[in-house]
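Encoded as structure tokens, the structure appears first; notes follow it.
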Amino acid sequence: MRLLSIFLILLFCGLKSFSQDKIYKKGGSILKVKILEIGVDEIRYKLFEEPEGPAYAIEKDRILKIVFESGRTETYQSNLKDPELYAGQSRNAIKLNFLSPIFGHTQLGYERSLAPGRSIEATVSIIGLGRNDMVELSYYDPNIGYREVKRNAAGLGLGIGYKFIRTPDFINRSVRYAHLLQGSYIKPVFYTGVYGENILEYKTNTVNTKRTTTFYGALNVELGKQWVFSDVFLVDIYGGLGYAFDNVKSDDNNWSSASDEYTAHHFSVIRTTRSPGLAFSGGLKLGMMLGKKKTN
């Protein structure tokens with residue numbers, strides 16, 4: 001009786017050692033295996049039909065789920081959107097549009113990650129804090145000869161956009177630590193602002209400088225790519241296309257090279273046809289990460 005009990009125990013342990021697990025692959029196939037090890041990037045196993053055969057490995061990104069012989073299930077389908085993969089990363093960033101001063105304003109931005117693959121970004125443009133273009137390179141005033149007039153724009157522009165960031169379609173040691181805010185993206189964005197500027201007013205035998213106020217708005221869709229280095233520094237390059245509208249009007253007596261009925265440089269966006277018309281946006285942003293999340 002004692003020998004029979006020992007035999008049954010050994011038989012049970014032997015069967016338990018080669019119990020069947022199932023790996024469900026993304027292609028639809030199912031592998032009947034014995035799981036040996038679940039690593040960071042891959043899973044090692046033996047085929048159930050060959051318990052003494054070689055050990056195999058499969059990358060986690062190729063797996064939907066594992067059903068263990070006990071009935072417990074582990075899923076891997078949406079691991080790239082698991083917030084735990086990005087634990088400890090900074091979720092906020094401040095930016096400066098590196099090229100904006102060339103176009104007559106200084107644009108500052110703030111971005112916050114809402115979830116893996118999603119973020120919101122707001123910008124503020126200080127119009128006039130940058131290069132001061134001339135309304136006209138030169139024109140002849142009968143009273144004083146050749147004269148140059150600066151645009152002298154001053155005002156404020158705002159922008160708000162929602163980013164859809166493309167997450168990697170695979171995961172291994174080389175991309176596991178990709179940042180929450182890193183990757184290619186598409187961003188619907190709304191710009192608006194108000195500023196004053198000089199224009200030229202033509203009258204009989206005289207040319208005067210006149211101050212005017214411009215209001216503008218634009219709805220663009222921007223495509224870009226952002227890189228984050230060491231969770232400290234970032235580079236963001238983008239370009240966009242959409243529609244802009246404003247209150248700019250022109251006639252034979254009032255004229256500005258920067259803003260008229262047919263085209264307008266509104267700093268954050270450039271309108272290229274009559275309002276409402278096509279608008280372009282773009283830039284190169286440099287930034288710093290803020291608010292690093294503490295981990296235990």
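Every chain in the structure tokens takes a letter, A first, then B, and so on in the order presented; its residues are numbered from 1, and the ligands are numbered from 1 following the presented order.
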
Item to check | Selection: 9 Å around Thr273 (chain A), only C-alpha atoms, excl. self and same-chain fewer than 4 positions, as a PyMOL selection string | outcome: chain A and resi 261-264+277-279

Checklist entry - Taking into account only C-alpha atoms, which residue in the set A:Ser125, A:Asn97, A:Asn208, A:Ser230 is nearest to Gly155 (chain A)? => result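 Smallest distance to Gly155 (chain A) is found for A:Ser125.
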
Next on the checklist: Need the shell around region 131-134 of chain A: protein/DNA/RNA residues with any atom at most 10 Å away, counting only C-alpha atoms. Skip same-chain ones fewer than 2 positions apart. Format as a list in words?
Outcome noted: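 Within the cut-off, the hits are Ser100, Pro101, Ile102, Phe103, Gly104, His105, Thr106, Ile127, Gly128, Leu129, Glu136, Leu137, Ser138, Glu148, Val149, Lys150, Arg151, Asn152, Ala153, Asn198, Ile199, Ser256, Ser257 and Ala258 of chain A.
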
If we count only C-alpha atoms and set the cut-off at 8 Å, which residues sit around Phe190 (chain A), ignoring sequence neighbours fewer than 2 positions away in its own chain? Please answer as an mmCIF file with N, CA and C atoms, in the first residue's frame.
```
data_model
loop_
_atom_site.group_PDB
_atom_site.id
_atom_site.type_symbol
_atom_site.label_atom_id
_atom_site.label_comp_id
_atom_site.auth_asym_id
_atom_site.auth_seq_id
_atom_site.Cartn_x
_atom_site.Cartn_y
_atom_site.Cartn_z
ATOM 1 N N GLY A 159 -2.673 79.438 -28.323
ATOM 2 C CA GLY A 159 -2.935 78.220 -29.074
ATOM 3 C C GLY A 159 -3.239 77.076 -28.124
ATOM 4 N N ILE A 160 -4.108 76.168 -28.533
ATOM 5 C CA ILE A 160 -4.432 74.984 -27.744
ATOM 6 C C ILE A 160 -4.618 73.804 -28.695
ATOM 7 N N GLY A 161 -3.941 72.706 -28.404
ATOM 8 C CA GLY A 161 -4.016 71.547 -29.282
ATOM 9 C C GLY A 161 -4.037 70.245 -28.500
ATOM 10 N N PRO A 188 -4.672 68.329 -33.862
ATOM 11 C CA PRO A 188 -5.604 69.424 -34.173
ATOM 12 C C PRO A 188 -5.332 70.578 -33.206
ATOM 13 N N THR A 192 -5.455 81.727 -31.898
ATOM 14 C CA THR A 192 -6.163 83.008 -31.937
ATOM 15 C C THR A 192 -5.254 84.079 -31.346
ATOM 16 N N GLY A 217 -7.897 84.142 -36.121
ATOM 17 C CA GLY A 217 -8.099 82.803 -35.592
ATOM 18 C C GLY A 217 -7.757 81.802 -36.673
ATOM 19 N N ALA A 218 -7.387 80.597 -36.291
ATOM 20 C CA ALA A 218 -7.037 79.566 -37.265
ATOM 21 C C ALA A 218 -7.254 78.196 -36.650
ATOM 22 N N LEU A 219 -7.728 77.273 -37.469
ATOM 23 C CA LEU A 219 -7.878 75.877 -37.075
ATOM 24 C C LEU A 219 -7.006 75.049 -38.004
ATOM 25 N N ASN A 220 -5.944 74.468 -37.449
ATOM 26 C CA ASN A 220 -4.969 73.713 -38.231
ATOM 27 C C ASN A 220 -4.874 72.276 -37.754
#
```
